[in-house]
$ cat model09.cif   # mmCIF, C-alpha atoms and all ligand atoms
data_input
#
loop_
_atom_site.label_atom_id
_atom_site.label_comp_id
_atom_site.auth_asym_id
_atom_site.auth_seq_id
_atom_site.Cartn_x
_atom_site.Cartn_y
_atom_site.Cartn_z
CA MET A 1 -28.12 -16.46 42.22
CA THR A 2 -31.73 -15.64 43.03
CA SER A 3 -34.04 -16.96 40.33
CA GLU A 4 -36.09 -14.43 38.36
CA LYS A 5 -39.28 -15.61 40.00
CA SER A 6 -38.01 -15.35 43.53
CA MET A 7 -36.43 -11.98 42.72
CA ASN A 8 -39.92 -10.76 41.76
CA ASP A 9 -41.37 -12.16 44.93
CA LEU A 10 -38.72 -10.36 46.94
CA LEU A 11 -39.56 -7.08 45.27
CA ILE A 12 -43.16 -7.20 46.39
CA ASP A 13 -42.15 -6.87 50.02
CA ARG A 14 -39.55 -4.20 49.50
CA GLU A 15 -39.79 -0.45 49.69
CA PRO A 16 -38.66 1.45 46.63
CA VAL A 17 -35.15 2.85 46.96
CA PHE A 18 -36.18 5.90 44.96
CA TRP A 19 -38.86 7.13 42.59
CA VAL A 20 -38.61 8.47 39.08
CA ARG A 21 -41.65 10.73 39.42
CA ASP A 22 -44.30 8.03 39.96
CA VAL A 23 -42.19 5.05 38.91
CA PRO A 24 -40.69 3.10 41.82
CA VAL A 25 -37.17 1.68 41.59
CA TYR A 26 -36.41 -1.19 43.96
CA GLY A 27 -32.64 -1.17 43.99
CA ASP A 28 -29.60 1.03 43.67
CA VAL A 29 -27.42 -0.80 41.16
CA ILE A 30 -28.35 -0.39 37.54
CA LEU A 31 -26.98 -1.69 34.25
CA SER A 32 -25.77 1.19 32.03
CA PRO A 33 -27.13 1.70 28.57
CA MET A 34 -24.47 0.24 26.27
CA ALA A 35 -24.92 0.02 22.53
CA GLY A 36 -24.02 -3.50 21.44
CA TYR A 37 -24.39 -4.88 24.97
CA SER A 38 -27.50 -3.80 26.87
CA ASP A 39 -29.85 -5.78 24.63
CA VAL A 40 -32.81 -7.87 25.79
CA PRO A 41 -30.71 -10.99 26.56
CA TYR A 42 -28.06 -9.17 28.59
CA ARG A 43 -30.64 -7.11 30.41
CA SER A 44 -32.50 -10.32 31.30
CA LEU A 45 -29.31 -11.81 32.70
CA CYS A 46 -28.40 -8.71 34.71
CA ARG A 47 -31.94 -8.43 35.97
CA ALA A 48 -31.82 -12.03 37.17
CA TYR A 49 -28.72 -11.11 39.18
CA GLY A 50 -30.27 -7.97 40.66
CA SER A 51 -29.99 -4.97 38.32
CA SER A 52 -32.97 -2.82 39.24
CA MET A 53 -33.67 -0.56 36.25
CA HIS A 54 -32.94 -1.13 32.60
CA TYR A 55 -32.01 1.18 29.77
CA THR A 56 -32.15 0.13 26.14
CA GLU A 57 -29.26 0.81 23.80
CA PHE A 58 -29.70 4.33 22.42
CA VAL A 59 -31.72 4.89 19.25
CA PRO A 60 -31.55 7.97 16.97
CA ALA A 61 -34.85 9.87 16.98
CA GLU A 62 -34.96 10.09 13.18
CA ALA A 63 -34.82 6.30 12.91
CA LEU A 64 -38.10 6.20 14.83
CA LEU A 65 -40.03 8.52 12.56
CA GLY A 66 -40.28 6.67 9.28
CA ARG A 67 -41.05 3.03 8.57
CA ARG A 68 -39.98 0.49 11.13
CA ASN A 69 -36.37 -0.55 10.64
CA PRO A 70 -33.94 -2.87 12.46
CA LEU A 71 -33.11 -0.18 15.07
CA TRP A 72 -36.63 -0.49 16.45
CA ARG A 73 -35.56 -3.86 17.80
CA ARG A 74 -33.46 -2.02 20.38
CA LEU A 75 -36.75 -1.03 22.00
CA ASP A 76 -37.90 -4.58 22.62
CA LYS A 77 -38.41 -5.40 26.26
CA THR A 78 -39.60 -8.34 28.27
CA ALA A 79 -42.96 -8.25 30.05
CA ASP A 80 -41.40 -8.30 33.50
CA GLU A 81 -38.75 -5.66 32.84
CA ASN A 82 -39.73 -2.85 35.15
CA PRO A 83 -38.80 -0.05 34.96
CA ALA A 84 -37.78 -0.22 31.33
CA VAL A 85 -36.16 2.96 30.08
CA PHE A 86 -36.10 3.67 26.34
CA GLN A 87 -33.10 5.82 25.47
CA ILE A 88 -33.17 8.04 22.38
CA PHE A 89 -31.04 10.87 21.03
CA GLY A 90 -31.31 13.71 18.55
CA ASN A 91 -30.56 17.36 17.93
CA ASP A 92 -34.03 18.72 17.24
CA ALA A 93 -36.58 19.03 20.04
CA GLN A 94 -39.65 18.65 17.82
CA MET A 95 -38.19 15.59 16.17
CA ILE A 96 -37.28 14.06 19.52
CA LEU A 97 -40.83 14.71 20.70
CA ARG A 98 -42.34 13.06 17.61
CA ALA A 99 -40.10 10.02 18.11
CA ALA A 100 -40.87 9.87 21.82
CA LYS A 101 -44.63 10.10 21.21
CA ARG A 102 -44.39 7.23 18.75
CA ILE A 103 -42.46 4.94 21.05
CA GLU A 104 -44.68 5.71 24.00
CA ALA A 105 -47.10 3.27 22.39
CA LEU A 106 -44.59 0.49 23.14
CA GLU A 107 -45.18 1.19 26.84
CA PRO A 108 -41.81 2.09 28.28
CA HIS A 109 -41.95 3.19 31.91
CA ILE A 110 -39.53 6.05 31.28
CA ILE A 111 -38.04 7.80 28.22
CA ASP A 112 -34.44 8.98 28.53
CA ILE A 113 -32.54 11.45 26.40
CA ASN A 114 -28.92 10.59 25.74
CA MET A 115 -26.81 13.70 26.30
CA GLY A 116 -23.55 11.87 26.88
CA CYS A 117 -22.50 10.11 23.69
CA SER A 118 -19.09 11.46 22.75
CA THR A 119 -18.58 9.89 19.32
CA ARG A 120 -18.09 12.41 16.55
CA ARG A 121 -20.93 10.87 14.54
CA VAL A 122 -23.40 11.76 17.32
CA SER A 123 -21.93 14.70 19.26
CA GLY A 124 -20.59 16.39 16.11
CA ARG A 125 -24.12 17.03 14.93
CA GLY A 126 -25.30 18.44 18.22
CA ALA A 127 -26.83 15.26 19.66
CA GLY A 128 -25.53 13.21 22.61
CA VAL A 129 -23.08 15.33 24.59
CA GLY A 130 -23.39 17.89 21.77
CA MET A 131 -26.68 18.89 23.42
CA MET A 132 -24.72 20.15 26.41
CA LEU A 133 -23.41 22.99 24.24
CA GLN A 134 -26.99 24.06 23.51
CA PRO A 135 -28.82 24.97 26.73
CA GLU A 136 -31.85 26.27 24.80
CA LEU A 137 -32.20 22.94 23.01
CA VAL A 138 -32.01 21.15 26.35
CA ALA A 139 -34.70 23.43 27.82
CA GLU A 140 -36.98 23.07 24.79
CA THR A 141 -36.58 19.28 24.63
CA PHE A 142 -37.40 18.65 28.28
CA LYS A 143 -40.20 21.19 28.31
CA LEU A 144 -41.87 19.65 25.27
CA LEU A 145 -41.40 16.06 26.34
CA SER A 146 -42.55 16.53 29.91
CA ALA A 147 -45.63 18.41 28.70
CA HIS A 148 -46.63 15.92 26.01
CA LEU A 149 -45.62 12.50 27.31
CA SER A 150 -47.40 10.59 30.00
CA VAL A 151 -44.23 8.77 31.13
CA PRO A 152 -41.42 10.50 33.06
CA VAL A 153 -38.60 11.98 31.00
CA THR A 154 -35.00 11.66 32.17
CA GLY A 155 -31.55 12.46 30.82
CA LYS A 156 -28.04 11.03 30.93
CA ILE A 157 -25.27 13.60 30.77
CA ARG A 158 -21.50 13.95 31.06
CA LEU A 159 -19.52 16.67 32.85
CA GLY A 160 -19.54 18.76 29.71
CA TRP A 161 -17.95 19.11 26.32
CA GLU A 162 -14.41 20.08 27.34
CA ASP A 163 -13.09 21.98 30.29
CA GLN A 164 -16.09 24.23 30.77
CA ARG A 165 -17.91 21.43 32.60
CA ASN A 166 -21.39 22.93 32.57
CA TYR A 167 -23.15 19.96 34.15
CA ILE A 168 -24.71 21.95 36.97
CA ASP A 169 -26.24 24.52 34.61
CA ILE A 170 -27.50 21.83 32.28
CA ALA A 171 -28.88 19.70 35.12
CA ARG A 172 -30.79 22.68 36.53
CA ILE A 173 -32.21 23.47 33.11
CA MET A 174 -33.31 19.84 32.81
CA GLU A 175 -34.94 19.86 36.22
CA ASP A 176 -36.62 23.24 35.65
CA ASN A 177 -38.11 21.86 32.46
CA GLY A 178 -39.50 18.66 33.90
CA ALA A 179 -36.70 16.07 33.96
CA ALA A 180 -37.55 13.42 36.55
CA LEU A 181 -34.02 12.03 37.04
CA ILE A 182 -30.48 12.81 35.97
CA ALA A 183 -27.80 10.20 35.38
CA MET A 184 -24.26 11.49 35.04
CA HIS A 185 -21.11 9.85 33.73
CA GLY A 186 -18.30 11.71 35.50
CA ARG A 187 -16.19 12.48 32.43
CA THR A 188 -16.13 15.17 29.77
CA LYS A 189 -16.60 14.51 26.08
CA GLU A 190 -12.85 14.98 25.60
CA GLN A 191 -12.08 12.29 28.17
CA LYS A 192 -14.25 9.72 26.41
CA TYR A 193 -13.64 6.68 28.65
CA GLY A 194 -10.13 7.59 29.82
CA ASP A 195 -8.81 9.26 32.98
CA VAL A 196 -10.58 8.77 36.27
CA ALA A 197 -14.29 9.56 36.56
CA ASP A 198 -14.89 12.61 38.73
CA TRP A 199 -17.04 11.51 41.65
CA ASP A 200 -16.75 14.93 43.35
CA ALA A 201 -18.73 16.31 40.42
CA ILE A 202 -21.43 13.69 40.96
CA ALA A 203 -21.59 14.72 44.63
CA GLU A 204 -21.94 18.36 43.58
CA LEU A 205 -24.72 17.45 41.16
CA LYS A 206 -26.60 15.56 43.86
CA GLN A 207 -26.42 18.66 46.08
CA SER A 208 -27.64 20.92 43.28
CA VAL A 209 -30.87 19.25 42.14
CA SER A 210 -33.82 17.75 43.93
CA VAL A 211 -34.62 14.97 41.43
CA PRO A 212 -32.86 11.62 41.89
CA VAL A 213 -29.30 11.33 40.61
CA ILE A 214 -27.62 8.23 39.26
CA GLY A 215 -23.82 8.26 39.46
CA ASN A 216 -21.78 6.58 36.75
CA GLY A 217 -18.14 5.94 35.93
CA ASP A 218 -15.48 3.49 37.08
CA VAL A 219 -17.65 1.25 39.24
CA ARG A 220 -16.14 -2.21 38.93
CA SER A 221 -16.70 -3.92 42.28
CA PRO A 222 -19.18 -4.02 45.17
CA ALA A 223 -16.75 -1.87 47.16
CA ASP A 224 -16.86 0.74 44.36
CA ILE A 225 -20.67 0.76 44.58
CA ASP A 226 -20.53 1.56 48.28
CA ARG A 227 -17.72 4.06 47.81
CA MET A 228 -19.54 5.92 45.07
CA LYS A 229 -22.75 6.00 47.10
CA SER A 230 -21.08 7.32 50.23
CA HIS A 231 -18.83 9.74 48.34
CA THR A 232 -21.59 11.29 46.24
CA GLY A 233 -24.86 10.62 48.07
CA CYS A 234 -26.31 9.53 44.72
CA ASP A 235 -29.57 7.60 44.70
CA ALA A 236 -28.20 4.79 42.58
CA VAL A 237 -25.07 3.67 40.80
CA MET A 238 -24.91 2.73 37.16
CA VAL A 239 -22.42 0.09 36.00
CA GLY A 240 -21.26 -0.16 32.41
CA ARG A 241 -18.02 -1.87 31.44
CA GLY A 242 -17.65 -3.40 34.89
CA ALA A 243 -20.81 -5.43 34.26
CA ILE A 244 -19.67 -7.06 31.02
CA GLY A 245 -19.00 -10.71 31.83
CA ASN A 246 -19.78 -9.82 35.44
CA PRO A 247 -23.52 -9.87 36.26
CA TRP A 248 -22.54 -10.72 39.85
CA ILE A 249 -21.84 -7.06 40.47
CA PHE A 250 -25.62 -6.61 40.68
CA SER A 251 -25.69 -9.11 43.55
CA ARG A 252 -22.86 -7.13 45.15
CA ARG A 253 -20.52 -10.07 44.74
CA GLN A 254 -16.83 -9.67 44.26
CA ARG A 255 -15.88 -11.14 40.85
CA GLU A 256 -12.96 -13.00 42.46
CA SER A 257 -15.34 -14.88 44.75
CA VAL A 258 -17.34 -16.34 41.86
CA SER A 259 -16.45 -19.97 41.19
CA PHE A 260 -15.82 -21.30 37.72
CA VAL A 261 -18.95 -23.45 38.03
CA GLU A 262 -20.99 -20.31 38.65
CA VAL A 263 -19.35 -18.61 35.69
CA MET A 264 -20.40 -21.49 33.47
CA GLN A 265 -23.97 -21.30 34.81
CA ALA A 266 -24.25 -17.60 33.99
CA LEU A 267 -22.62 -18.04 30.62
CA ARG A 268 -25.02 -20.81 29.63
CA LEU A 269 -28.02 -18.80 30.82
CA HIS A 270 -26.81 -15.82 28.78
CA GLN A 271 -26.09 -17.97 25.74
CA GLY A 272 -29.60 -19.45 25.95
CA TYR A 273 -31.16 -15.99 26.11
CA MET A 274 -29.08 -14.90 23.09
CA VAL A 275 -30.08 -17.88 20.96
CA ASP A 276 -33.75 -17.63 21.98
CA TYR A 277 -33.91 -13.93 21.22
CA TYR A 278 -31.78 -13.60 18.07
CA GLY A 279 -32.09 -17.13 16.68
CA LEU A 280 -29.26 -19.00 14.98
CA PRO A 281 -26.59 -18.32 13.99
CA HIS A 282 -27.02 -14.61 14.83
CA GLY A 283 -27.42 -15.20 18.57
CA LEU A 284 -24.20 -17.19 18.67
CA ILE A 285 -22.29 -14.65 16.59
CA LEU A 286 -23.39 -11.75 18.81
CA PHE A 287 -22.53 -13.75 21.90
CA ARG A 288 -18.87 -14.00 20.83
CA LYS A 289 -17.92 -10.56 22.11
CA HIS A 290 -19.10 -11.47 25.63
CA LEU A 291 -17.13 -14.71 25.84
CA ARG A 292 -13.67 -13.44 26.59
CA TYR A 293 -15.01 -11.41 29.52
CA TYR A 294 -16.38 -14.54 31.18
CA PHE A 295 -13.02 -16.28 30.77
CA LYS A 296 -10.75 -13.39 31.68
CA GLY A 297 -7.51 -14.67 33.16
CA LEU A 298 -8.24 -18.32 32.41
CA PRO A 299 -6.01 -20.45 30.18
CA VAL A 300 -8.61 -21.03 27.47
CA LYS A 301 -7.17 -19.31 24.41
CA PRO A 302 -6.87 -22.25 21.99
CA ILE A 303 -10.44 -23.48 22.55
CA LEU A 304 -11.86 -19.96 22.77
CA SER A 305 -10.37 -19.05 19.41
CA GLN A 306 -12.32 -21.95 17.87
CA MET A 307 -15.51 -20.98 19.68
CA VAL A 308 -15.51 -17.48 18.28
CA VAL A 309 -15.53 -18.67 14.70
CA THR A 310 -18.12 -21.40 14.72
CA GLU A 311 -21.70 -20.65 13.70
CA ASP A 312 -22.88 -24.10 14.63
CA LEU A 313 -24.57 -24.45 18.01
CA GLU A 314 -23.71 -28.10 18.43
CA ARG A 315 -20.02 -27.47 17.70
CA PHE A 316 -20.08 -24.44 20.02
CA ASN A 317 -21.52 -26.50 22.87
CA GLN A 318 -19.01 -29.27 22.25
CA LEU A 319 -16.13 -26.78 22.46
CA LEU A 320 -17.65 -25.22 25.55
CA ALA A 321 -17.81 -28.63 27.24
CA GLU A 322 -14.15 -29.24 26.30
CA LEU A 323 -13.16 -25.87 27.69
CA GLU A 324 -15.08 -26.53 30.88
CA ALA A 325 -13.48 -29.95 31.38
CA SER A 326 -10.02 -28.56 30.71
CA VAL A 327 -10.39 -25.70 33.20
CA LEU A 328 -11.93 -27.94 35.86
CA PHE A 329 -9.08 -30.39 35.42
CA GLN A 330 -6.50 -27.65 35.79
CA LEU A 331 -8.28 -26.19 38.81
CA GLU A 332 -8.29 -29.57 40.47
CA ALA A 333 -4.63 -30.10 39.67
CA ALA A 334 -3.81 -26.71 41.15
CA GLY A 335 -5.39 -27.88 44.41
CA PRO A 336 -7.38 -25.95 47.01
CA GLY A 337 -6.40 -22.35 47.40
CA ASN A 338 -4.66 -22.31 44.03
CA ARG A 339 -6.67 -20.15 41.72
CA LEU A 340 -6.26 -20.23 37.98
CA ALA A 341 -8.67 -17.43 37.38
CA TRP A 342 -8.57 -13.69 37.89
C1 LIG A 401 -19.69 -0.23 24.39
C2 LIG A 401 -20.37 0.93 25.07
C3 LIG A 401 -21.57 1.39 24.58
C4 LIG A 401 -22.22 2.47 25.19
N1 LIG A 401 -23.45 2.88 24.74
C5 LIG A 401 -24.15 3.82 25.41
C6 LIG A 401 -25.49 4.16 25.05
O1 LIG A 401 -26.09 3.60 24.12
N2 LIG A 401 -26.09 5.15 25.79
C7 LIG A 401 -25.49 5.77 26.84
O2 LIG A 401 -26.08 6.63 27.47
N3 LIG A 401 -24.22 5.47 27.19
C8 LIG A 401 -23.55 4.50 26.52
N4 LIG A 401 -22.29 4.15 26.94
C9 LIG A 401 -21.72 4.79 28.15
C10 LIG A 401 -22.04 3.98 29.40
O3 LIG A 401 -23.44 3.96 29.66
C11 LIG A 401 -21.33 4.56 30.63
O4 LIG A 401 -21.74 5.89 30.79
C12 LIG A 401 -19.82 4.53 30.51
O5 LIG A 401 -19.37 3.28 30.01
C13 LIG A 401 -19.13 4.83 31.85
O6 LIG A 401 -19.48 3.87 32.81
P1 LIG A 401 -18.47 2.66 33.23
O7 LIG A 401 -17.20 3.31 33.72
O8 LIG A 401 -19.22 1.93 34.31
O9 LIG A 401 -18.24 1.84 32.00
C14 LIG A 401 -21.63 3.11 26.31
C15 LIG A 401 -20.39 2.65 26.79
C16 LIG A 401 -19.77 1.57 26.19
C17 LIG A 401 -18.45 1.08 26.75
#
$ encode --input "model09.cif" --output "C-alpha cells" --more "lines below"
Ligand SMILES: Cc1cc2nc3c(=O)[nH]c(=O)nc-3n(C[C@H](O)[C@H](O)[C@H](O)COP(=O)(O)O)c2cc1C
Amino acid sequence: MTSEKSMNDLLIDREPVFWVRDVPVYGDVILSPMAGYSDVPYRSLCRAYGSSMHYTEFVPAEALLGRRNPLWRRLDKTADENPAVFQIFGNDAQMILRAAKRIEALEPHIIDINMGCSTRRVSGRGAGVGMMLQPELVAETFKLLSAHLSVPVTGKIRLGWEDQRNYIDIARIMEDNGAALIAMHGRTKEQKYGDVADWDAIAELKQSVSVPVIGNGDVRSPADIDRMKSHTGCDAVMVGRGAIGNPWIFSRRQRESVSFVEVMQALRLHQGYMVDYYGLPHGLILFRKHLRYYFKGLPVKPILSQMVVTEDLERFNQLLAELEASVLFQLEAAGPGNRLAW
C-alpha cells in the first residue's frame, strides 16, 4: 500500500485524468456513495489505497434546512479529501437549492444530486430515481444550482424508472442546464441491484454528452475496471459493493493476490479510523458490518461471532489476535500454494 503522504506526493506530479468543470480528478477509480458505508473512516481507507474522488452518503435536502441534526455528520470530510463530493437528494428544486447553498459553507468541491436511489421511501416521493420521471424538475434543479452555486453540480442517475430507460434524455437535460459530470449506474429502478448492469448504455451515454461520465455497476476486480473503461469509454469507474472489504481494488489489485497479513493491516487501519472518528463503543459497533467482508472464505466463524457482539475494545482486539493466530496457523499447516482464503 502507498501511504497517504506518499500518495499525496505522487499526485503533485500527475496530470489530472479528467476535470469536473474546474476541479481536477487524478485517477479513474472512485468509491461509490453508499449509505452506511462511505463514511469518513471508509473513505479515508479507500483514499489511502488509491480511490481518487469521494462521495458522501446521501443526505435528504430537508434535513439540511432546519437545525443541525445527526445527518449533518454525513457531510464531514477530512482536510486532505479532494475532491470531496457532497451528495444530496430531494423532490423540490427550490428546497434542494436552499440545502445546497447552506452546505456550500462546509466547502465541498462538488455537490451531487442523487437521482438513482430506488427505495420506495425516496423514489416514491419523486426524489432519487423518482426525479427521472420529472424532466422539468431535473431541468429546474440543475439550472438553479448551476446558477447559484460556486462549486460544480453533478448528478448520479440510473437507466430509468422501468423499461422506458430515459437516461439519454435526462442526461442531456442535465448537461443543458449546467451539470458538470454524470455518473450512471447501469440498472433501472425496477432492477434495483439485480440482473447484470448494462454497460452498453453507459457507452451510449458517453457518446451522447460532452461532460465527463462515470460508469457504475458490477465492477468487482481490476479486470472489470479495464473492461468497463474499454467497453464504454467512460472517464472513470465507480465501485460500490465490490469495494466493501476490498480497498485493494483502488490499487488495481486482484483480491485473491492479497495476503492475509495485508488483510489484517487494512482491517486494523480501518478499525482505528472507525474508533477515532465515532468513538467507543459506536465505532466498534459500526465496524461489525465490515468484518465479514474482510474474512470472506476464511474459517473464522466461531471467533467472528464473538467479535460482532462485544462492545469492549480490549476484548475485540484480543479476539482479533486469536483469529489472526488461528488463521496463520492453518495457512502454515496448509503449506505453500494451499490457500485457505477466497
Ligand atoms: C448499501 C448501499 C448503499 C448505497 N447508498 C447510495 C447512496 O447513498 N447514494 C448513491 O448515489 N448510491 C448509493 N448506492 C448505490 C451505489 O452507489 C452503486 O450505484 C450501486 O451499488 C451499483 O454499483 P456496484 O455494482 O459497484 O455496487 C448504494 C448501494 C449500496 C449497496
$ closest_residue --input "model09.cif" --among "A:Lys143, A:Val129, A:Glu256, A:Asp112" --to "Leu181 in chain A" --atoms "all atoms listed in the file"
A:Asp112
$ residues_near_ligand --input "model09.cif" --ligand "ligand LIG 401 (chain A)" --cutoff "7 Å" --atoms "only C-alpha atoms and all ligand atoms" --output "compact mmCIF listing (two decimals) with C-alpha atoms, in the frame of the given file"
# COMPACT_ATOMS: atom_id res chain seq x y z
CA SER A 32 -25.77 1.19 32.03
CA PRO A 33 -27.13 1.70 28.57
CA MET A 34 -24.47 0.24 26.27
CA ALA A 35 -24.92 0.02 22.53
CA GLY A 36 -24.02 -3.50 21.44
CA TYR A 37 -24.39 -4.88 24.97
CA GLU A 57 -29.26 0.81 23.80
CA PHE A 58 -29.70 4.33 22.42
CA ASN A 114 -28.92 10.59 25.74
CA GLY A 116 -23.55 11.87 26.88
CA CYS A 117 -22.50 10.11 23.69
CA LYS A 156 -28.04 11.03 30.93
CA HIS A 185 -21.11 9.85 33.73
CA TYR A 193 -13.64 6.68 28.65
CA ASN A 216 -21.78 6.58 36.75
CA GLY A 217 -18.14 5.94 35.93
CA ASP A 218 -15.48 3.49 37.08
CA VAL A 219 -17.65 1.25 39.24
CA ARG A 220 -16.14 -2.21 38.93
CA MET A 238 -24.91 2.73 37.16
CA VAL A 239 -22.42 0.09 36.00
CA GLY A 240 -21.26 -0.16 32.41
CA ARG A 241 -18.02 -1.87 31.44
CA GLY A 242 -17.65 -3.40 34.89
$ atom_distance --input "model09.cif" --atom1 "CA of Arg165 in chain A" --atom2 "CA of Gly90 in chain A"
20.9 Å
$ closest_residue --input "model09.cif" --among "A:Asn166, A:Ala147, A:Phe260, A:Met184" --to "Ala236 in chain A" --atoms "all atoms listed in the file"
A:Met184
$ closest_residue --input "model09.cif" --among "A:His282, A:Gln254, A:Asp235, A:Leu97" --to "Pro222 in chain A" --atoms "only C-alpha atoms"
A:Gln254
$ residues_around --input "model09.cif" --residues "Arg292 in chain A" --least-positions-apart "2" --cutoff "10 Å" --atoms "all atoms listed in the file" --output "list in words"
Ile244, Gly245, Arg288, Lys289, His290, Tyr294, Phe295, Lys296, Gly297, Leu298, Val300, Lys301, Leu304, Ser305 and Val308 of chain A
$ atom_distance --input "model09.cif" --atom1 "CA of Arg315 in chain A" --atom2 "CA of Leu331 in chain A"
24.2 Å
$ axis_aligned_box --input "model09.cif" --around "range 292-309 of chain A" --padding-each-side "3 Å" --output "JSON"
{"center_x": -11.2, "center_y": -17.4, "center_z": 23.9, "size_x": 16.4, "size_y": 18.1, "size_z": 24.5}
$ closest_residue --input "model09.cif" --among "A:Tyr277, A:Leu45, A:Glu262, A:Met307" --to "Leu291 in chain A" --atoms "only C-alpha atoms"
A:Met307
$ atom_distance --input "model09.cif" --atom1 "CA of Gly130 in chain A" --atom2 "CA of Phe142 in chain A"
15.5 Å
$ closest_residue --input "model09.cif" --among "A:Glu190, A:Asp28, A:Asp195, A:Asp92" --to "Glu136 in chain A" --atoms "all atoms listed in the file"
A:Asp92
$ closest_residue --input "model09.cif" --among "A:Leu205, A:Val153, A:Val213, A:Leu75" --to "Ala105 in chain A" --atoms "all atoms listed in the file"
A:Leu75
$ residues_near_point --input "model09.cif" --point "(-11.0, -26.6, 23.1)" --cutoff "8 Å" --atoms "only C-alpha atoms" --output "number ranges by chain"
A: 300, 302-304, 306-307, 319-320, 322-323, 326
$ residues_around --input "model09.cif" --residues "Val138 in chain A" --least-positions-apart "3" --cutoff "10 Å" --atoms "all atoms listed in the file" --output "number ranges by chain"
A: 91-93, 113, 115, 131-135, 141-143, 155, 170-171, 173-174, 177
$ residues_near_point --input "model09.cif" --point "(-38.6, 1.1, 33.8)" --cutoff "12 Å" --atoms "all atoms listed in the file" --output "NGL selection string"
:A and (19-26 or 30-31 or 43 or 47 or 51-56 or 77-87 or 107-112 or 151-154)
$ decode --input "model09.cif" --residues "range 199-233 of chain A" --atoms "C-alpha atoms" --output "PDB file, in the first residue's frame"
ATOM      1  CA  TRP A 199     -22.528  -1.294 -19.916  1.00  0.00           C
ATOM      2  CA  ASP A 200     -23.737  -0.689 -23.493  1.00  0.00           C
ATOM      3  CA  ALA A 201     -25.983   2.002 -22.050  1.00  0.00           C
ATOM      4  CA  ILE A 202     -23.008   3.614 -20.317  1.00  0.00           C
ATOM      5  CA  ALA A 203     -21.164   3.611 -23.660  1.00  0.00           C
ATOM      6  CA  GLU A 204     -24.174   5.250 -25.316  1.00  0.00           C
ATOM      7  CA  LEU A 205     -24.304   7.889 -22.585  1.00  0.00           C
ATOM      8  CA  LYS A 206     -20.618   8.681 -23.023  1.00  0.00           C
ATOM      9  CA  GLN A 207     -21.232   9.210 -26.758  1.00  0.00           C
ATOM     10  CA  SER A 208     -24.220  11.460 -26.086  1.00  0.00           C
ATOM     11  CA  VAL A 209     -22.839  14.101 -23.716  1.00  0.00           C
ATOM     12  CA  SER A 210     -19.680  16.137 -23.623  1.00  0.00           C
ATOM     13  CA  VAL A 211     -19.263  16.329 -19.833  1.00  0.00           C
ATOM     14  CA  PRO A 212     -17.299  13.536 -18.124  1.00  0.00           C
ATOM     15  CA  VAL A 213     -19.131  10.285 -17.461  1.00  0.00           C
ATOM     16  CA  ILE A 214     -18.523   7.885 -14.601  1.00  0.00           C
ATOM     17  CA  GLY A 215     -19.650   4.314 -15.253  1.00  0.00           C
ATOM     18  CA  ASN A 216     -21.020   2.215 -12.416  1.00  0.00           C
ATOM     19  CA  GLY A 217     -22.330  -1.289 -11.856  1.00  0.00           C
ATOM     20  CA  ASP A 218     -20.794  -4.727 -11.374  1.00  0.00           C
ATOM     21  CA  VAL A 219     -17.154  -3.705 -11.151  1.00  0.00           C
ATOM     22  CA  ARG A 220     -15.552  -6.194  -8.784  1.00  0.00           C
ATOM     23  CA  SER A 221     -11.975  -6.665  -9.984  1.00  0.00           C
ATOM     24  CA  PRO A 222      -9.154  -4.759 -11.699  1.00  0.00           C
ATOM     25  CA  ALA A 223     -10.030  -6.612 -14.904  1.00  0.00           C
ATOM     26  CA  ASP A 224     -13.608  -5.292 -14.624  1.00  0.00           C
ATOM     27  CA  ILE A 225     -12.238  -1.746 -14.305  1.00  0.00           C
ATOM     28  CA  ASP A 226     -10.320  -2.116 -17.547  1.00  0.00           C
ATOM     29  CA  ARG A 227     -13.204  -3.879 -19.267  1.00  0.00           C
ATOM     30  CA  MET A 228     -15.692  -1.208 -18.297  1.00  0.00           C
ATOM     31  CA  LYS A 229     -13.337   1.550 -19.411  1.00  0.00           C
ATOM     32  CA  SER A 230     -12.648  -0.007 -22.789  1.00  0.00           C
ATOM     33  CA  HIS A 231     -16.254  -1.080 -23.349  1.00  0.00           C
ATOM     34  CA  THR A 232     -17.808   2.285 -22.510  1.00  0.00           C
ATOM     35  CA  GLY A 233     -15.065   4.893 -22.969  1.00  0.00           C
TER      36      GLY A 233
END
